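Shown next: upload00.cif, containing mmCIF, C-alpha atoms.
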```
data_structure
#
loop_
_atom_site.label_atom_id
_atom_site.label_comp_id
_atom_site.auth_asym_id
_atom_site.auth_seq_id
_atom_site.Cartn_x
_atom_site.Cartn_y
_atom_site.Cartn_z
CA MET A 1 2.35 -21.96 27.98
CA THR A 2 4.18 -18.63 28.21
CA THR A 3 7.37 -18.55 30.25
CA MET A 4 7.69 -15.59 32.60
CA LYS A 5 11.10 -14.01 33.08
CA SER A 6 12.11 -11.83 36.00
CA PHE A 7 13.78 -8.55 35.10
CA ALA A 8 15.79 -8.72 38.33
CA SER A 9 17.37 -12.10 37.61
CA ALA A 10 17.23 -12.71 33.85
CA SER A 11 20.13 -11.84 31.57
CA PRO A 12 19.40 -9.96 28.33
CA TRP A 13 19.99 -13.18 26.39
CA ASP A 14 17.17 -14.88 28.31
CA LEU A 15 14.53 -12.35 27.23
CA VAL A 16 14.32 -13.51 23.60
CA ASP A 17 14.27 -17.18 22.59
CA LEU A 18 16.28 -17.09 19.37
CA SER A 19 15.88 -20.84 18.89
CA GLN A 20 12.20 -20.49 17.98
CA ASP A 21 11.54 -20.93 14.26
CA SER A 22 8.42 -18.79 14.56
CA LEU A 23 10.60 -15.80 15.49
CA LYS A 24 12.77 -16.28 12.41
CA VAL A 25 9.75 -16.70 10.14
CA ALA A 26 8.14 -13.53 11.51
CA ALA A 27 11.37 -11.57 11.06
CA ALA A 28 11.64 -12.86 7.48
CA ALA A 29 8.06 -11.78 6.73
CA ILE A 30 8.71 -8.33 8.18
CA ALA A 31 11.76 -7.95 5.95
CA PHE A 32 10.17 -9.49 2.87
CA ASN A 33 7.08 -7.33 2.51
CA PRO A 34 8.61 -3.89 1.81
CA ILE A 35 11.31 -5.47 -0.35
CA PHE A 36 8.62 -7.24 -2.37
CA TRP A 37 6.39 -4.26 -3.01
CA ASN A 38 9.29 -2.00 -3.91
CA ILE A 39 10.66 -4.49 -6.45
CA VAL A 40 7.23 -5.13 -7.99
CA ALA A 41 6.34 -1.43 -8.08
CA ARG A 42 9.58 -0.51 -9.84
CA GLN A 43 9.12 -3.31 -12.33
CA GLU A 44 5.68 -1.92 -13.01
CA TYR A 45 7.01 1.61 -13.46
CA HIS A 46 9.78 0.61 -15.84
CA ASN A 47 8.24 -2.39 -17.64
CA LYS A 48 4.47 -2.18 -16.95
CA VAL A 49 4.47 -5.82 -15.81
CA LEU A 50 1.12 -5.79 -14.02
CA THR A 51 -0.51 -3.41 -16.47
CA LYS A 52 0.34 -5.81 -19.30
CA LEU A 53 -0.90 -8.74 -17.22
CA PHE A 54 -4.29 -7.03 -16.99
CA GLY A 55 -4.56 -6.21 -20.67
CA GLY A 56 -3.21 -2.70 -20.47
CA ASN A 57 -5.47 -1.61 -17.59
CA SER A 58 -3.20 0.08 -15.04
CA ARG A 59 -5.97 0.43 -12.46
CA TYR A 60 -6.66 -3.30 -12.42
CA GLY A 61 -2.93 -3.88 -12.04
CA CYS A 62 -2.83 -1.50 -9.08
CA TYR A 63 -5.89 -3.12 -7.50
CA PHE A 64 -4.22 -6.51 -7.84
CA LEU A 65 -1.03 -5.27 -6.19
CA ALA A 66 -3.12 -3.70 -3.42
CA PHE A 67 -4.79 -7.06 -2.78
CA VAL A 68 -1.43 -8.83 -2.68
CA ILE A 69 0.17 -6.27 -0.36
CA PHE A 70 -2.85 -6.30 1.96
CA SER A 71 -2.85 -10.11 2.05
CA LEU A 72 0.87 -10.23 2.77
CA GLY A 73 0.28 -7.79 5.61
CA ILE A 74 -2.37 -10.05 7.14
CA ILE A 75 -0.03 -13.04 6.89
CA ARG A 76 2.83 -11.06 8.42
CA ASP A 77 0.66 -9.93 11.33
CA TYR A 78 -0.45 -13.51 11.94
CA LEU A 79 3.14 -14.75 11.92
CA TYR A 80 4.10 -11.94 14.30
CA GLU A 81 1.38 -12.92 16.75
CA GLN A 82 2.37 -16.58 16.55
CA ALA A 83 5.99 -15.65 17.20
CA LEU A 84 5.01 -13.70 20.32
CA ARG A 85 3.10 -16.68 21.68
CA ASP A 86 6.29 -18.76 21.56
CA GLN A 87 8.39 -16.15 23.37
CA PRO A 88 8.97 -15.54 27.09
CA ALA A 89 7.20 -12.65 28.80
CA LEU A 90 8.87 -10.18 31.16
CA ASP A 91 7.42 -9.44 34.58
CA ILE A 92 7.90 -5.66 34.48
CA LEU A 93 5.86 -5.51 31.28
CA GLN A 94 2.81 -7.03 32.97
CA THR A 95 1.68 -3.91 34.80
CA ASP A 96 -1.49 -1.95 34.16
CA THR A 97 0.58 1.08 33.17
CA VAL A 98 2.24 -0.89 30.38
CA LYS A 99 -1.15 -2.22 29.26
CA TYR A 100 -2.55 1.31 29.02
CA ALA A 101 0.53 2.46 27.10
CA ALA A 102 0.23 -0.54 24.78
CA GLY A 103 -3.42 0.23 24.09
CA GLY A 104 -2.60 3.87 23.40
CA LEU A 105 0.18 2.95 20.98
CA PHE A 106 -2.00 0.44 19.15
CA LEU A 107 -4.90 2.89 18.88
CA THR A 108 -2.66 5.73 17.71
CA GLY A 109 -1.02 3.47 15.16
CA ASN A 110 -4.31 2.34 13.71
CA VAL A 111 -5.63 5.91 13.55
CA LEU A 112 -2.55 6.92 11.56
CA VAL A 113 -2.88 3.96 9.18
CA ILE A 114 -6.64 4.23 8.59
CA SER A 115 -6.69 8.01 8.25
CA SER A 116 -3.76 7.81 5.83
CA MET A 117 -5.62 5.30 3.67
CA TRP A 118 -8.70 7.51 3.77
CA ALA A 119 -6.72 10.57 2.69
CA LEU A 120 -4.84 8.82 -0.11
CA GLY A 121 -7.51 6.48 -1.41
CA LEU A 122 -6.83 2.96 -2.63
CA THR A 123 -4.49 3.81 -5.50
CA GLY A 124 -2.69 6.49 -3.50
CA THR A 125 -2.09 4.05 -0.67
CA TYR A 126 -0.98 1.13 -2.80
CA LEU A 127 1.66 2.66 -5.07
CA GLY A 128 -0.68 3.92 -7.77
CA ASP A 129 1.89 6.55 -8.81
CA TYR A 130 4.12 3.73 -10.08
CA PHE A 131 1.24 2.79 -12.38
CA GLY A 132 0.92 6.33 -13.67
CA ILE A 133 -2.12 7.00 -11.46
CA LEU A 134 -1.00 10.28 -9.93
CA MET A 135 -2.74 12.46 -7.38
CA ASP A 136 -3.65 16.02 -8.35
CA SER A 137 -1.65 17.51 -5.49
CA ARG A 138 0.30 16.55 -2.40
CA VAL A 139 -1.83 15.56 0.60
CA THR A 140 -0.97 17.88 3.50
CA GLY A 141 -3.91 17.39 5.86
CA PHE A 142 -4.17 14.91 8.74
CA PRO A 143 -2.29 12.64 9.30
CA PHE A 144 0.34 14.00 6.91
CA ASN A 145 0.59 17.18 8.96
CA ILE A 146 1.73 14.98 11.86
CA THR A 147 4.20 12.72 10.06
CA ASP A 148 5.32 12.37 6.47
CA ALA A 149 4.95 8.57 6.58
CA PRO A 150 1.82 7.84 8.67
CA MET A 151 1.30 4.36 7.21
CA TYR A 152 4.77 3.22 8.21
CA HIS A 153 4.90 5.00 11.54
CA GLY A 154 1.39 3.87 12.41
CA SER A 155 2.20 0.27 11.56
CA THR A 156 5.33 0.42 13.73
CA LEU A 157 3.35 1.78 16.67
CA SER A 158 0.83 -1.05 16.28
CA PHE A 159 3.60 -3.65 16.34
CA LEU A 160 5.13 -2.09 19.43
CA GLY A 161 1.75 -1.78 21.15
CA THR A 162 1.06 -5.47 20.54
CA ALA A 163 4.48 -6.42 21.92
CA LEU A 164 3.89 -4.43 25.10
CA TRP A 165 0.33 -5.72 25.48
CA PHE A 166 1.63 -9.29 25.63
CA GLY A 167 4.71 -8.23 27.59
CA LYS A 168 7.11 -9.85 25.14
CA PRO A 169 10.63 -8.40 24.69
CA ALA A 170 10.89 -10.37 21.43
CA GLY A 171 8.05 -8.24 20.10
CA ILE A 172 10.00 -5.09 20.91
CA LEU A 173 12.97 -6.55 19.03
CA LEU A 174 10.78 -7.33 16.02
CA SER A 175 9.26 -3.84 16.19
CA ILE A 176 12.75 -2.41 15.89
CA GLY A 177 13.13 -4.60 12.81
CA VAL A 178 9.92 -3.10 11.41
CA THR A 179 11.29 0.39 11.97
CA VAL A 180 14.58 -0.43 10.25
CA MET A 181 12.88 -1.98 7.20
CA TYR A 182 10.47 0.92 6.80
CA GLN A 183 13.27 3.48 7.08
CA ILE A 184 15.21 1.61 4.39
CA ALA A 185 12.08 1.48 2.23
CA LEU A 186 11.56 5.24 2.60
CA ARG A 187 15.11 5.91 1.43
CA PHE A 188 14.18 4.22 -1.84
CA GLU A 189 10.55 5.27 -2.13
CA ASP A 190 10.65 8.98 -1.27
CA PRO A 191 13.16 10.13 -3.91
CA PHE A 192 11.69 7.80 -6.53
CA THR A 193 8.15 9.05 -5.95
CA ALA A 194 9.36 12.65 -5.89
CA GLU A 195 10.97 12.11 -9.30
CA ILE A 196 7.73 10.65 -10.71
CA TYR A 197 5.87 13.86 -9.81
CA ALA A 198 8.77 16.06 -10.87
CA LYS A 199 8.68 14.36 -14.27
CA ARG A 200 4.97 15.12 -14.59
CA GLU A 201 5.61 18.77 -13.82
CA ARG A 202 8.38 18.94 -16.41
CA GLU A 203 6.04 17.46 -19.00
CA ARG A 204 3.34 19.98 -18.08
CA VAL A 205 5.80 22.84 -18.50
CA LYS A 206 6.80 21.54 -21.92
CA LYS A 207 3.16 21.37 -23.03
CA THR A 208 2.39 24.88 -21.84
CA GLY A 209 5.72 26.33 -22.96
#
```
Hey, can you dump this file as structure tokens for me?
Amino acid sequence: MTTMKSFASASPWDLVDLSQDSLKVAAAAIAFNPIFWNIVARQEYHNKVLTKLFGGNSRYGCYFLAFVIFSLGIIRDYLYEQALRDQPALDILQTDTVKYAAGGLFLTGNVLVISSMWALGLTGTYLGDYFGILMDSRVTGFPFNITDAPMYHGSTLSFLGTALWFGKPAGILLSIGVTVMYQIALRFEDPFTAEIYAKRERERVKKTG
């Protein structure tokens, strides 16, 4: 049964139950996923680990990584929801206004994620460029004309919307963790991906020159 905390009387330390193992497991899953796919993708780029595993077929390797990343995301979301169930709720987050805001955030987040996947395709979404499966040109239409990282920002909004929907401060804390991990991931991914495409352009220039 969910414990309800009063904003007027509860201290900040009462709003999140740090003793719950489910909170720690959810935080670990949130941190693990982007670390995992960045390590695996770079191993693929440098050593063709998954391509070799699938007999030299880079597309099959990418499809496999996509399946793994998607599955890890489902597990992470499940662990997140379980963690919220074990956490106290806050009375001021139980209003209709907060519910409407939560629904709006969740809807916006999912629109960003789904439209991003639609624009990029399967291989574009799931690190196909690390497999040598490059897009012809940079995607600049929606949602990339709104944000340069719609998958990450959309996912963060969905986490935050879920936290507010259940009125759980712990969910807001975990959503901040999501933001931090994605920002760290982007610091590694953006320059690396840019160099992959820059290398292709240099090779094209050499061929035509």
Residue contacts of region 81-86 of chain A (7 Å, only C-alpha atoms) excluding same-chain residues fewer than 6 positions away, as a VMD selection string: chain A and resid 2 22 to 23 26 168 170 to 171
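Of the listed residues (A:Ile69, A:Ala149, A:Leu160, A:Leu93), A:Leu160 comes nearest to Leu107 (chain A); the distances count all atoms listed in the file.
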Proximity to Asn110 (chain A) - best of A:Ser155, A:Ser175, A:Gln20, A:Gln43, all atoms listed in the file: A:Ser155
Straight-line distance linking CA of Leu164 (chain A) with CA of Ser11 (chain A), stated in Å to one decimal: 19.0 Å
Given only C-alpha atoms as the counted atoms, nearest of A:Asp96, A:Thr140, A:Ala66, A:Gly73 to Thr125 (chain A):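 Looking at the shortest contact to Thr125 (chain A), the residue is A:Ala66.
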Evaluate the PyMOL selection byres ((chain A and resi 108) around 12) and report residues as a PyMOL selection string: chain A and resi 101-107+109-115+143+146+150-151+153-161
Starting from the sparse input, extend region 64-75 of chain A to N, CA, C and O atoms and give the output as a PDB file, in the coordinates of the input.
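Saved as out_38.pdb:
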```
ATOM      1  N   PHE A  64      -4.779  -5.179  -8.102  1.00  0.00           N
ATOM      2  CA  PHE A  64      -4.220  -6.510  -7.840  1.00  0.00           C
ATOM      3  C   PHE A  64      -3.046  -6.403  -6.860  1.00  0.00           C
ATOM      4  O   PHE A  64      -2.952  -7.189  -5.903  1.00  0.00           O
ATOM      5  N   LEU A  65      -2.163  -5.442  -7.092  1.00  0.00           N
ATOM      6  CA  LEU A  65      -1.030  -5.270  -6.190  1.00  0.00           C
ATOM      7  C   LEU A  65      -1.510  -4.895  -4.791  1.00  0.00           C
ATOM      8  O   LEU A  65      -0.961  -5.370  -3.790  1.00  0.00           O
ATOM      9  N   ALA A  66      -2.552  -4.075  -4.717  1.00  0.00           N
ATOM     10  CA  ALA A  66      -3.120  -3.700  -3.420  1.00  0.00           C
ATOM     11  C   ALA A  66      -3.606  -4.940  -2.672  1.00  0.00           C
ATOM     12  O   ALA A  66      -3.371  -5.098  -1.468  1.00  0.00           O
ATOM     13  N   PHE A  67      -4.290  -5.820  -3.393  1.00  0.00           N
ATOM     14  CA  PHE A  67      -4.790  -7.060  -2.780  1.00  0.00           C
ATOM     15  C   PHE A  67      -3.626  -7.910  -2.276  1.00  0.00           C
ATOM     16  O   PHE A  67      -3.680  -8.453  -1.163  1.00  0.00           O
ATOM     17  N   VAL A  68      -2.577  -8.016  -3.074  1.00  0.00           N
ATOM     18  CA  VAL A  68      -1.430  -8.830  -2.680  1.00  0.00           C
ATOM     19  C   VAL A  68      -0.726  -8.237  -1.463  1.00  0.00           C
ATOM     20  O   VAL A  68      -0.411  -8.947  -0.509  1.00  0.00           O
ATOM     21  N   ILE A  69      -0.501  -6.925  -1.484  1.00  0.00           N
ATOM     22  CA  ILE A  69       0.170  -6.270  -0.360  1.00  0.00           C
ATOM     23  C   ILE A  69      -0.660  -6.402   0.915  1.00  0.00           C
ATOM     24  O   ILE A  69      -0.133  -6.688   1.998  1.00  0.00           O
ATOM     25  N   PHE A  70      -1.966  -6.176   0.792  1.00  0.00           N
ATOM     26  CA  PHE A  70      -2.850  -6.300   1.960  1.00  0.00           C
ATOM     27  C   PHE A  70      -2.827  -7.718   2.511  1.00  0.00           C
ATOM     28  O   PHE A  70      -2.741  -7.923   3.731  1.00  0.00           O
ATOM     29  N   SER A  71      -2.867  -8.709   1.624  1.00  0.00           N
ATOM     30  CA  SER A  71      -2.850 -10.110   2.050  1.00  0.00           C
ATOM     31  C   SER A  71      -1.531 -10.467   2.727  1.00  0.00           C
ATOM     32  O   SER A  71      -1.513 -11.159   3.756  1.00  0.00           O
ATOM     33  N   LEU A  72      -0.435  -9.986   2.160  1.00  0.00           N
ATOM     34  CA  LEU A  72       0.870 -10.230   2.770  1.00  0.00           C
ATOM     35  C   LEU A  72       0.948  -9.595   4.156  1.00  0.00           C
ATOM     36  O   LEU A  72       1.577 -10.151   5.069  1.00  0.00           O
ATOM     37  N   GLY A  73       0.307  -8.442   4.308  1.00  0.00           N
ATOM     38  CA  GLY A  73       0.280  -7.790   5.610  1.00  0.00           C
ATOM     39  C   GLY A  73      -0.482  -8.606   6.643  1.00  0.00           C
ATOM     40  O   GLY A  73      -0.061  -8.711   7.802  1.00  0.00           O
ATOM     41  N   ILE A  74      -1.599  -9.195   6.236  1.00  0.00           N
ATOM     42  CA  ILE A  74      -2.370 -10.050   7.140  1.00  0.00           C
ATOM     43  C   ILE A  74      -1.547 -11.269   7.559  1.00  0.00           C
ATOM     44  O   ILE A  74      -1.511 -11.646   8.746  1.00  0.00           O
ATOM     45  N   ILE A  75      -0.872 -11.875   6.594  1.00  0.00           N
ATOM     46  CA  ILE A  75      -0.030 -13.040   6.890  1.00  0.00           C
ATOM     47  C   ILE A  75       1.097 -12.653   7.830  1.00  0.00           C
ATOM     48  O   ILE A  75       1.397 -13.358   8.802  1.00  0.00           O
TER      49      ILE A  75
END
```
